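Q: Provided herewith: work_32.txt, compact mmCIF, C-alpha atoms.
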```
# COMPACT_ATOMS: atom_id res chain seq x y z
CA ALA A 1 1.29 -78.69 74.75
CA PRO A 2 -0.39 -81.92 73.48
CA LEU A 3 1.90 -81.91 70.44
CA ARG A 4 5.01 -81.50 72.59
CA ARG A 5 3.89 -84.28 74.92
CA ALA A 6 3.42 -86.53 71.89
CA GLY A 7 7.04 -85.96 70.88
CA PHE A 8 6.59 -83.43 68.10
CA VAL A 9 9.66 -81.29 67.43
CA ILE A 10 8.49 -77.69 67.11
CA LEU A 11 10.74 -75.96 64.57
CA GLY A 12 9.32 -72.45 64.71
CA LYS A 13 6.47 -70.08 63.92
CA LEU A 14 5.10 -70.15 60.39
CA SER A 15 3.66 -67.10 58.70
CA THR A 16 0.04 -65.94 58.86
CA SER A 17 -1.85 -62.85 57.89
CA GLU A 18 -1.86 -60.32 60.73
CA PHE A 19 -3.93 -61.91 63.52
CA GLY A 20 -5.52 -64.17 60.91
CA ALA A 21 -7.63 -61.33 59.53
CA LEU A 22 -7.26 -62.07 55.78
CA PRO A 23 -7.28 -65.23 53.63
CA VAL A 24 -3.90 -64.30 52.10
CA THR A 25 -0.55 -64.27 53.94
CA GLU A 26 1.13 -60.98 53.08
CA PRO A 27 1.75 -59.16 56.38
CA ALA A 28 3.75 -55.96 56.32
CA ILE A 29 6.45 -57.33 58.66
CA HIS A 30 7.97 -59.70 56.09
CA PRO A 31 7.77 -60.60 52.38
CA PRO A 32 4.61 -62.37 51.20
CA THR A 33 4.20 -66.12 51.59
CA ARG A 34 4.28 -67.42 48.04
CA ASN A 35 2.61 -70.46 46.60
CA PRO A 36 5.18 -73.23 46.01
CA TRP A 37 3.29 -74.28 42.87
CA ALA A 38 3.37 -70.79 41.35
CA LEU A 39 5.51 -68.15 43.03
CA GLY A 40 3.52 -65.26 41.63
CA HIS A 41 0.39 -66.45 43.43
CA THR A 42 -0.70 -66.43 47.06
CA ALA A 43 -0.45 -69.48 49.32
CA GLY A 44 -3.74 -68.40 50.88
CA GLY A 45 -4.35 -67.63 54.52
CA SER A 46 -4.49 -67.15 57.24
CA SER A 47 -2.40 -70.33 57.73
CA GLY A 48 -0.54 -69.76 54.48
CA GLY A 49 2.86 -70.49 55.98
CA SER A 50 1.70 -73.86 57.28
CA ALA A 51 0.32 -75.05 53.93
CA ALA A 52 3.24 -73.63 51.93
CA ALA A 53 5.77 -75.36 54.21
CA VAL A 54 4.08 -78.74 53.77
CA ALA A 55 3.68 -78.24 50.01
CA ALA A 56 7.35 -77.31 49.69
CA ASP A 57 8.45 -80.42 51.63
CA MET A 58 9.85 -78.38 54.50
CA LEU A 59 7.60 -80.29 56.93
CA PRO A 60 5.50 -83.47 56.80
CA VAL A 61 2.70 -81.94 58.90
CA SER A 62 1.91 -78.55 60.38
CA GLN A 63 -0.70 -76.95 62.58
CA GLY A 64 -3.11 -74.40 61.23
CA SER A 65 -5.98 -72.40 62.66
CA ASP A 66 -9.30 -71.79 60.96
CA GLY A 67 -11.80 -69.01 61.69
CA ALA A 68 -13.49 -68.73 58.29
CA GLY A 69 -11.47 -71.11 56.13
CA SER A 70 -7.90 -70.46 57.22
CA ILE A 71 -6.86 -74.14 57.12
CA ARG A 72 -8.93 -75.13 54.10
CA ILE A 73 -8.18 -72.16 51.83
CA PRO A 74 -4.35 -72.46 51.96
CA SER A 75 -4.69 -76.25 51.74
CA SER A 76 -6.71 -75.83 48.56
CA PHE A 77 -4.29 -73.29 47.10
CA CYS A 78 -1.15 -75.31 48.00
CA HIS A 79 -2.37 -78.81 47.07
CA THR A 80 -2.27 -80.16 50.63
CA PHE A 81 -4.83 -81.90 52.83
CA GLY A 82 -6.19 -79.82 55.71
CA ILE A 83 -9.04 -80.46 58.12
CA LYS A 84 -10.91 -78.08 60.40
CA PRO A 85 -12.20 -80.23 63.28
CA ALA A 86 -15.66 -79.89 64.78
CA ARG A 87 -16.14 -77.18 67.37
CA GLY A 88 -15.20 -78.65 70.75
CA ARG A 89 -12.86 -81.27 69.34
CA VAL A 90 -9.63 -79.38 70.07
CA VAL A 91 -9.26 -77.32 73.23
CA ASN A 92 -8.94 -73.59 72.70
CA GLN A 93 -5.28 -72.64 73.24
CA PHE A 94 -6.13 -69.32 74.84
CA GLY A 95 -8.38 -70.70 77.56
CA LEU A 96 -11.47 -68.96 76.17
CA ALA A 97 -15.01 -70.28 76.34
CA ASP A 98 -15.40 -71.78 72.88
CA ARG A 99 -19.09 -72.58 72.41
CA GLN A 100 -19.41 -69.59 70.07
CA LEU A 101 -15.86 -69.22 68.78
CA LEU A 102 -15.49 -69.24 65.02
CA TYR A 103 -11.93 -70.55 65.02
CA THR A 104 -10.27 -73.79 65.97
CA SER A 105 -6.97 -75.53 65.22
CA GLY A 106 -6.29 -78.53 63.03
CA PRO A 107 -3.65 -80.33 60.95
CA ILE A 108 -2.32 -79.69 57.47
CA SER A 109 -0.44 -82.56 55.86
CA ARG A 110 0.45 -84.35 52.68
CA THR A 111 -1.64 -87.44 53.49
CA VAL A 112 -4.98 -88.11 55.14
CA SER A 113 -3.52 -90.67 57.54
CA ASP A 114 -0.89 -88.21 58.82
CA ALA A 115 -3.59 -85.61 59.45
CA ALA A 116 -5.77 -88.16 61.23
CA ALA A 117 -2.93 -89.19 63.54
CA MET A 118 -2.10 -85.56 64.30
CA LEU A 119 -5.76 -84.81 65.03
CA ASP A 120 -5.82 -87.68 67.54
CA VAL A 121 -3.01 -85.94 69.40
CA MET A 122 -4.51 -82.45 69.16
CA ALA A 123 -7.88 -83.72 70.37
CA GLY A 124 -6.33 -85.51 73.33
CA LEU A 125 -7.60 -88.91 72.23
CA VAL A 126 -4.22 -90.61 72.69
CA ALA A 127 -4.08 -89.36 76.29
CA GLY A 128 -7.67 -90.30 77.09
CA ARG A 129 -8.67 -86.69 77.84
CA PRO A 130 -10.55 -85.32 74.86
CA HIS A 131 -12.16 -81.89 74.83
CA TRP A 132 -15.93 -81.51 75.17
CA ALA A 133 -16.82 -83.06 71.81
CA PRO A 134 -17.86 -86.69 72.31
CA PRO A 135 -14.94 -89.05 71.56
CA PRO A 136 -15.22 -90.97 68.28
CA PRO A 137 -15.83 -94.73 68.51
CA HIS A 138 -12.26 -95.29 67.31
CA PRO A 139 -9.19 -93.04 67.04
CA PHE A 140 -9.25 -91.12 63.79
CA ARG A 141 -6.10 -92.79 62.48
CA GLU A 142 -7.85 -96.19 62.78
CA ARG A 143 -11.07 -95.03 61.12
CA VAL A 144 -9.34 -93.62 58.06
CA LYS A 145 -8.55 -96.99 56.49
CA GLY A 146 -11.58 -98.86 57.78
CA GLU A 147 -14.08 -100.68 55.65
CA ALA A 148 -15.22 -98.38 52.85
CA ARG A 149 -18.80 -97.28 53.38
CA ARG A 150 -21.19 -95.80 50.85
CA PHE A 151 -22.35 -92.31 51.65
CA ARG A 152 -25.30 -90.17 50.63
CA ILE A 153 -23.51 -86.98 49.55
CA GLY A 154 -24.96 -83.56 48.88
CA LEU A 155 -23.30 -81.54 46.11
CA ALA A 156 -23.32 -77.71 46.12
CA VAL A 157 -21.14 -75.91 43.59
CA THR A 158 -22.49 -72.35 43.51
CA THR A 159 -22.63 -69.45 45.93
CA PRO A 160 -24.31 -66.06 45.43
CA ILE A 161 -21.15 -64.27 46.59
CA ILE A 162 -18.98 -65.18 43.57
CA PRO A 163 -19.30 -67.29 40.41
CA THR A 164 -17.39 -70.56 40.56
CA HIS A 165 -14.50 -70.67 38.08
CA PRO A 166 -15.39 -72.95 35.13
CA GLU A 167 -12.26 -75.09 35.45
CA ILE A 168 -13.02 -75.67 39.13
CA LEU A 169 -16.61 -76.60 38.27
CA GLU A 170 -15.38 -79.04 35.64
CA ARG A 171 -12.90 -80.62 38.04
CA ILE A 172 -15.48 -81.03 40.80
CA GLN A 173 -17.92 -82.66 38.39
CA ARG A 174 -15.27 -85.16 37.31
CA VAL A 175 -14.58 -86.07 40.94
CA VAL A 176 -18.33 -86.42 41.52
CA GLY A 177 -18.43 -88.92 38.65
CA LEU A 178 -15.63 -90.88 40.28
CA LEU A 179 -17.49 -90.92 43.61
CA ALA A 180 -20.64 -92.14 41.88
CA ASP A 181 -18.61 -94.93 40.23
CA CYS A 182 -17.44 -95.92 43.72
CA GLY A 183 -21.05 -96.45 44.74
CA HIS A 184 -21.80 -93.19 46.56
CA ASP A 185 -25.22 -91.58 46.12
CA ILE A 186 -24.71 -87.99 44.90
CA VAL A 187 -27.65 -85.58 45.29
CA ASP A 188 -27.80 -81.93 44.25
CA ALA A 189 -27.94 -79.55 47.22
CA SER A 190 -28.01 -75.80 47.76
CA LEU A 191 -26.47 -73.59 50.40
CA PRO A 192 -28.43 -71.00 52.39
CA THR A 193 -27.68 -67.43 51.43
CA CYS A 194 -25.69 -65.13 53.68
CA SER A 195 -24.34 -61.68 52.83
CA ILE A 196 -20.98 -60.35 53.93
CA GLU A 197 -22.84 -57.64 55.84
CA GLU A 198 -24.52 -60.31 57.98
CA PHE A 199 -21.29 -62.19 58.73
CA LEU A 200 -19.01 -59.14 59.05
CA PRO A 201 -19.87 -58.24 62.69
CA LEU A 202 -18.76 -61.73 63.78
CA TRP A 203 -15.49 -61.26 61.91
CA GLN A 204 -15.01 -57.82 63.47
CA HIS A 205 -15.77 -59.08 66.96
CA GLN A 206 -13.30 -61.96 66.58
CA VAL A 207 -10.48 -59.61 65.56
CA SER A 208 -11.35 -57.11 68.30
CA GLY A 209 -10.65 -59.76 70.94
CA THR A 210 -7.00 -60.07 69.92
CA PRO A 211 -4.77 -58.99 72.84
CA PHE A 212 -2.15 -56.40 71.90
CA CYS A 213 -0.96 -52.99 73.03
CA SER A 214 -1.97 -50.50 70.34
CA TRP A 215 -4.41 -50.58 67.45
CA ASN A 216 -2.35 -47.81 65.84
CA LYS A 217 0.46 -50.28 65.22
CA THR A 218 -1.69 -52.74 63.30
CA GLU A 219 -2.27 -52.86 59.57
CA PRO A 220 -5.20 -50.85 58.15
CA VAL A 221 -7.47 -53.87 57.58
CA THR A 222 -6.84 -55.25 61.07
CA ARG A 223 -7.39 -51.85 62.62
CA TRP A 224 -10.61 -51.30 60.67
CA LEU A 225 -11.99 -54.68 61.72
CA GLY A 226 -10.89 -54.44 65.34
CA ARG A 227 -12.13 -50.94 66.00
CA ALA A 228 -15.54 -51.75 64.54
CA GLY A 229 -15.66 -54.93 66.59
CA ARG A 230 -15.01 -53.10 69.83
CA LEU A 231 -18.19 -51.10 69.29
CA LEU A 232 -20.31 -54.25 69.24
CA SER A 233 -21.87 -55.58 72.41
CA ALA A 234 -21.22 -59.19 73.35
CA GLN A 235 -24.97 -59.80 73.51
CA SER A 236 -25.61 -58.48 70.00
CA VAL A 237 -22.79 -60.63 68.61
CA SER A 238 -24.08 -63.70 70.46
CA THR A 239 -27.60 -63.15 69.14
CA ARG A 240 -26.36 -62.73 65.58
CA PHE A 241 -24.17 -65.81 65.91
CA GLU A 242 -27.08 -68.00 67.01
CA ALA A 243 -29.39 -66.66 64.29
CA LEU A 244 -26.88 -67.38 61.51
CA LYS A 245 -25.96 -70.72 63.02
CA ALA A 246 -29.63 -71.78 63.00
CA ARG A 247 -29.85 -70.86 59.32
CA TYR A 248 -26.99 -73.21 58.40
CA GLU A 249 -27.46 -76.08 60.83
CA ASN A 250 -29.68 -77.98 58.42
CA THR A 251 -27.18 -77.69 55.55
CA VAL A 252 -26.07 -81.30 55.88
CA GLN A 253 -29.49 -82.62 56.97
CA GLY A 254 -30.51 -85.52 54.76
CA PHE A 255 -26.91 -86.27 53.76
CA ASP A 256 -24.01 -88.10 55.34
CA LEU A 257 -21.63 -85.56 53.85
CA LEU A 258 -21.67 -82.39 51.78
CA ILE A 259 -19.13 -81.54 49.08
CA THR A 260 -18.36 -78.15 47.54
CA PRO A 261 -15.41 -76.43 45.95
CA THR A 262 -13.11 -75.29 48.76
CA VAL A 263 -12.62 -71.94 47.05
CA ALA A 264 -14.57 -70.70 44.04
CA VAL A 265 -11.51 -69.31 42.25
CA PRO A 266 -7.84 -70.26 41.76
CA PRO A 267 -5.17 -68.64 43.97
CA PRO A 268 -5.01 -64.87 43.34
CA MET A 269 -1.78 -63.15 42.41
CA ILE A 270 0.53 -61.87 45.13
CA GLY A 271 -0.38 -58.26 45.89
CA ALA A 272 -4.02 -58.56 44.82
CA PHE A 273 -5.06 -57.11 48.21
CA SER A 274 -2.18 -54.66 48.62
CA ASP A 275 -3.58 -51.37 47.38
CA LEU A 276 -7.20 -51.83 48.43
CA SER A 277 -9.01 -49.93 51.13
CA PRO A 278 -9.94 -51.96 54.22
CA GLU A 279 -13.58 -52.11 53.18
CA VAL A 280 -12.75 -53.35 49.68
CA SER A 281 -10.18 -55.82 51.04
CA ILE A 282 -12.86 -57.40 53.20
CA MET A 283 -15.29 -57.64 50.28
CA GLU A 284 -12.60 -59.37 48.20
CA ALA A 285 -11.72 -61.64 51.12
CA ALA A 286 -15.38 -62.65 51.39
CA LYS A 287 -15.16 -64.14 47.89
CA LEU A 288 -12.44 -66.53 49.05
CA VAL A 289 -14.36 -67.68 52.15
CA ALA A 290 -17.74 -68.03 50.41
CA PHE A 291 -17.77 -71.85 50.69
CA THR A 292 -15.91 -72.18 54.00
CA ALA A 293 -17.01 -69.58 56.58
CA MET A 294 -20.51 -70.96 57.14
CA PHE A 295 -19.10 -74.17 58.59
CA ASN A 296 -17.20 -72.22 61.23
CA LEU A 297 -20.55 -70.82 62.27
CA VAL A 298 -22.18 -74.21 62.77
CA GLY A 299 -19.00 -75.91 63.98
CA PHE A 300 -19.17 -78.80 61.51
CA PRO A 301 -15.91 -80.53 60.59
CA ALA A 302 -14.69 -79.76 57.07
CA ALA A 303 -11.62 -80.65 55.05
CA SER A 304 -10.01 -79.57 51.80
CA ILE A 305 -8.83 -82.38 49.54
CA PRO A 306 -6.45 -81.88 46.57
CA VAL A 307 -8.25 -82.93 43.38
CA GLY A 308 -6.17 -81.51 40.54
CA PHE A 309 -4.95 -78.40 38.81
CA THR A 310 -6.18 -75.71 36.44
CA SER A 311 -4.76 -75.48 32.95
CA ALA A 312 -2.33 -72.90 34.37
CA GLY A 313 -1.03 -75.41 36.93
CA LEU A 314 -2.82 -73.90 39.94
CA PRO A 315 -4.16 -76.33 42.59
CA ILE A 316 -7.86 -77.03 43.07
CA GLY A 317 -9.40 -78.23 46.34
CA LEU A 318 -12.64 -80.09 47.08
CA GLN A 319 -14.30 -79.35 50.43
CA VAL A 320 -15.89 -82.26 52.31
CA VAL A 321 -18.20 -81.32 55.21
CA GLY A 322 -19.49 -83.70 57.87
CA GLY A 323 -22.38 -83.46 60.29
CA HIS A 324 -22.06 -82.78 64.02
CA PHE A 325 -18.77 -84.29 65.24
CA GLY A 326 -18.49 -86.18 61.94
CA GLU A 327 -14.72 -86.10 61.44
CA CYS A 328 -14.63 -89.89 60.96
CA ASP A 329 -16.92 -89.64 57.92
CA VAL A 330 -14.91 -86.73 56.47
CA LEU A 331 -11.61 -88.56 56.92
CA GLU A 332 -12.99 -91.80 55.50
CA LEU A 333 -14.19 -90.17 52.28
CA ALA A 334 -10.96 -88.18 52.05
CA TRP A 335 -8.97 -91.40 52.26
CA GLN A 336 -11.13 -93.02 49.58
CA LEU A 337 -10.39 -90.06 47.30
CA GLU A 338 -6.70 -90.21 48.16
CA GLU A 339 -6.70 -93.84 47.01
CA ALA A 340 -8.54 -92.97 43.80
CA LEU A 341 -6.72 -89.67 43.11
CA PRO A 342 -3.27 -90.09 44.71
CA TRP A 343 -1.63 -86.74 45.31
CA GLY A 344 1.07 -87.30 47.94
CA HIS A 345 3.79 -88.02 45.36
CA LEU A 346 3.27 -84.74 43.49
CA ARG A 347 5.75 -81.94 44.12
CA PRO A 348 6.14 -78.39 42.79
CA SER A 349 8.74 -78.09 40.05
CA LEU A 350 12.10 -76.48 40.79
CA GLU A 351 11.05 -73.50 38.71
CA CYS A 352 7.96 -73.19 40.94
CA SER A 353 5.90 -71.86 38.08
CA HIS A 354 3.80 -74.95 37.42
CA ALA A 355 3.21 -78.35 38.96
CA THR A 356 5.65 -81.10 38.00
CA ALA A 357 5.19 -82.89 34.74
CA SER A 358 4.45 -86.04 36.75
CA ARG A 359 0.99 -84.78 37.76
CA ALA A 360 -1.02 -87.11 35.59
CA ASP A 361 -4.74 -86.48 35.60
CA PRO A 362 -6.07 -89.61 37.34
CA ALA A 363 -9.67 -88.44 37.20
```
Turn this file's structure into structure tokens for me.
A:
Amino acid sequence: APLRRAGFVILGKLSTSEFGALPVTEPAIHPPTRNPWALGHTAGGSSGGSAAAVAADMLPVSQGSDGAGSIRIPSSFCHTFGIKPARGRVVNQFGLADRQLLYTSGPISRTVSDAAAMLDVMAGLVAGRPHWAPPPPHPFRERVKGEARRFRIGLAVTTPIIPTHPEILERIQRVVGLLADCGHDIVDASLPTCSIEEFLPLWQHQVSGTPFCSWNKTEPVTRWLGRAGRLLSAQSVSTRFEALKARYENTVQGFDLLITPTVAVPPPMIGAFSDLSPEVSIMEAAKLVAFTAMFNLVGFPAASIPVGFTSAGLPIGLQVVGGHFGECDVLELAWQLEEALPWGHLRPSLECSHATASRADPA
């Protein structure tokens, strides 16, 4: 509704994984959503259609939703900018109490300024009726190009769930060098550990709350998650949520911002999840959300910024995480990187097998 009131023309529904359950967009009801930069690879998920549409120049901006990385993962894979707002910034579309919801909605775009302007609308700032997060001192679109500040930035590049791909590590380190040259103070940081077994009940509970007629009509992974989630009590899920949240709330303490790879690996091939059992699919999915899901727990804002490509032409994303209600800081650093590493002019080639030859390596 806020987007319609702002004059947005809604063209249609873009593809997602079934009920947002997986970080790839290959539901059984239609062909897989392919990566515009490499058609044999996934666009990510769950908002894969949104990121792919922006990357392919079908749309200038699109809305995504993010419960464990579902805006940031496809943004990373498709070389777009996507931001997950802080919890409480955007009203929950389904009218649910959202103090413990993992998911929220946010923009995916080609430029930081477009995303900032769209977030102003989604958050109700332009209408003067924001959600329960405290309003920023200025609209996001005004803060983006404000006076460049110097930040104390924590850097975390490893996770116990999956090794970080060496080309992604190398790219992140080069961007870190650029940030240091810009005057930012970069400090090594580490992330708290969390196993998939600890996070899984929250995932299951989230899927189990999806309203539909019959679990028998859902895909095996969705059914496996939802049925397990229905066996969990609301109190046990709430207790687990608060315990994990407390573990991660100090992640950004001592820093203005935290940076990590968005995803530890390049986009997988289409069909990589197709023949796996539900249990194995979830374990593989956990590898893709290793750097993103924790910030859904604590409700911190986080964005994925395009920072380059692998030698095979596959996009790489850098995740920038802010503190409580710190979208302004995230957007400001993102804009600084956009100025230093311009990406908006890059387009997939017509063959869609690699990025265009014009993608010079500005870092």
Q: Dump as JSON lines the rows for residues of range 265-313 of chain A within 8 Å of range 75-93 of chain A: closest atom pair and distance in Å with one decimal, all atoms listed in the file counted, ordered by chain and rising residue number.
A:
```
{"residue": "A:Pro266", "atom": "CA", "partner": "A:Phe77", "partner_atom": "CA", "distance": 7.1}
{"residue": "A:Pro267", "atom": "CA", "partner": "A:Phe77", "partner_atom": "CA", "distance": 5.7}
{"residue": "A:Asn296", "atom": "CA", "partner": "A:Arg87", "partner_atom": "CA", "distance": 8.0}
{"residue": "A:Gly299", "atom": "CA", "partner": "A:Arg87", "partner_atom": "CA", "distance": 4.6}
{"residue": "A:Phe300", "atom": "CA", "partner": "A:Ala86", "partner_atom": "CA", "distance": 4.9}
{"residue": "A:Pro301", "atom": "CA", "partner": "A:Ala86", "partner_atom": "CA", "distance": 4.2}
{"residue": "A:Ala302", "atom": "CA", "partner": "A:Lys84", "partner_atom": "CA", "distance": 5.3}
{"residue": "A:Ala303", "atom": "CA", "partner": "A:Ile83", "partner_atom": "CA", "distance": 4.0}
{"residue": "A:Ser304", "atom": "CA", "partner": "A:Gly82", "partner_atom": "CA", "distance": 5.5}
{"residue": "A:Ile305", "atom": "CA", "partner": "A:Phe81", "partner_atom": "CA", "distance": 5.2}
{"residue": "A:Pro306", "atom": "CA", "partner": "A:His79", "partner_atom": "CA", "distance": 5.1}
```
Q: For Arg141 in chain A, work out the shell of residues within 7 Å, counting all atoms listed in the file and skipping chain neighbours fewer than 5 positions away, then give it as a list in words.
A: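 Residues meeting the cut-off are Ser113, Ala116 and Ala117 of chain A.
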Q: Would you mind telling me which residue in A:Ile73, A:Ala56, A:Leu119, A:Ala38 lies nearest to Thr310 in chain A when using all atoms listed in the file?
A: A:Ala38
Q: Using 8 Å of padding on each side, determine the axis-aligned box around all atoms of range 109-115 of chain A present in the file and give its centre and edge lengths in Å to one decimal, as JSON.
A:
```
{"center_x": -2.3, "center_y": -86.6, "center_z": 56.1, "size_x": 21.4, "size_y": 24.1, "size_z": 22.8}
```
Q: Write out as a PyMOL selection string which residues come within 7 Å of range 225-233 of chain A when counting all atoms listed in the file, dropping same-chain ones fewer than 2 positions away.
A: chain A and resi 201+204-205+207-208+221-223+235-237
Q: Do a neighbour search on Arg5 in chain A at 12 Å with only C-alpha atoms, toss out local chain neighbours closer than 6 positions, and write the hits as a list in words.
A: Val121, Met122, Gly124, Val126 and Ala127 of chain A
Q: I'd like the neighbourhood of Gly7 in chain A as an mmCIF file with C-alpha atoms, in the frame of the given file, where a residue qualifies if any of its atoms comes within 12 Å (using only C-alpha atoms), though same-chain residues fewer than 4 positions away should be ignored.
A:
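The resulting out38.cif:
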```cif
data_model
loop_
_atom_site.group_PDB
_atom_site.id
_atom_site.type_symbol
_atom_site.label_atom_id
_atom_site.label_comp_id
_atom_site.auth_asym_id
_atom_site.auth_seq_id
_atom_site.Cartn_x
_atom_site.Cartn_y
_atom_site.Cartn_z
ATOM 1 C CA ALA A 1 1.290 -78.690 74.750
ATOM 2 C CA PRO A 2 -0.390 -81.920 73.480
ATOM 3 C CA LEU A 3 1.900 -81.910 70.440
ATOM 4 C CA MET A 118 -2.100 -85.560 64.300
ATOM 5 C CA VAL A 121 -3.010 -85.940 69.400
#
```
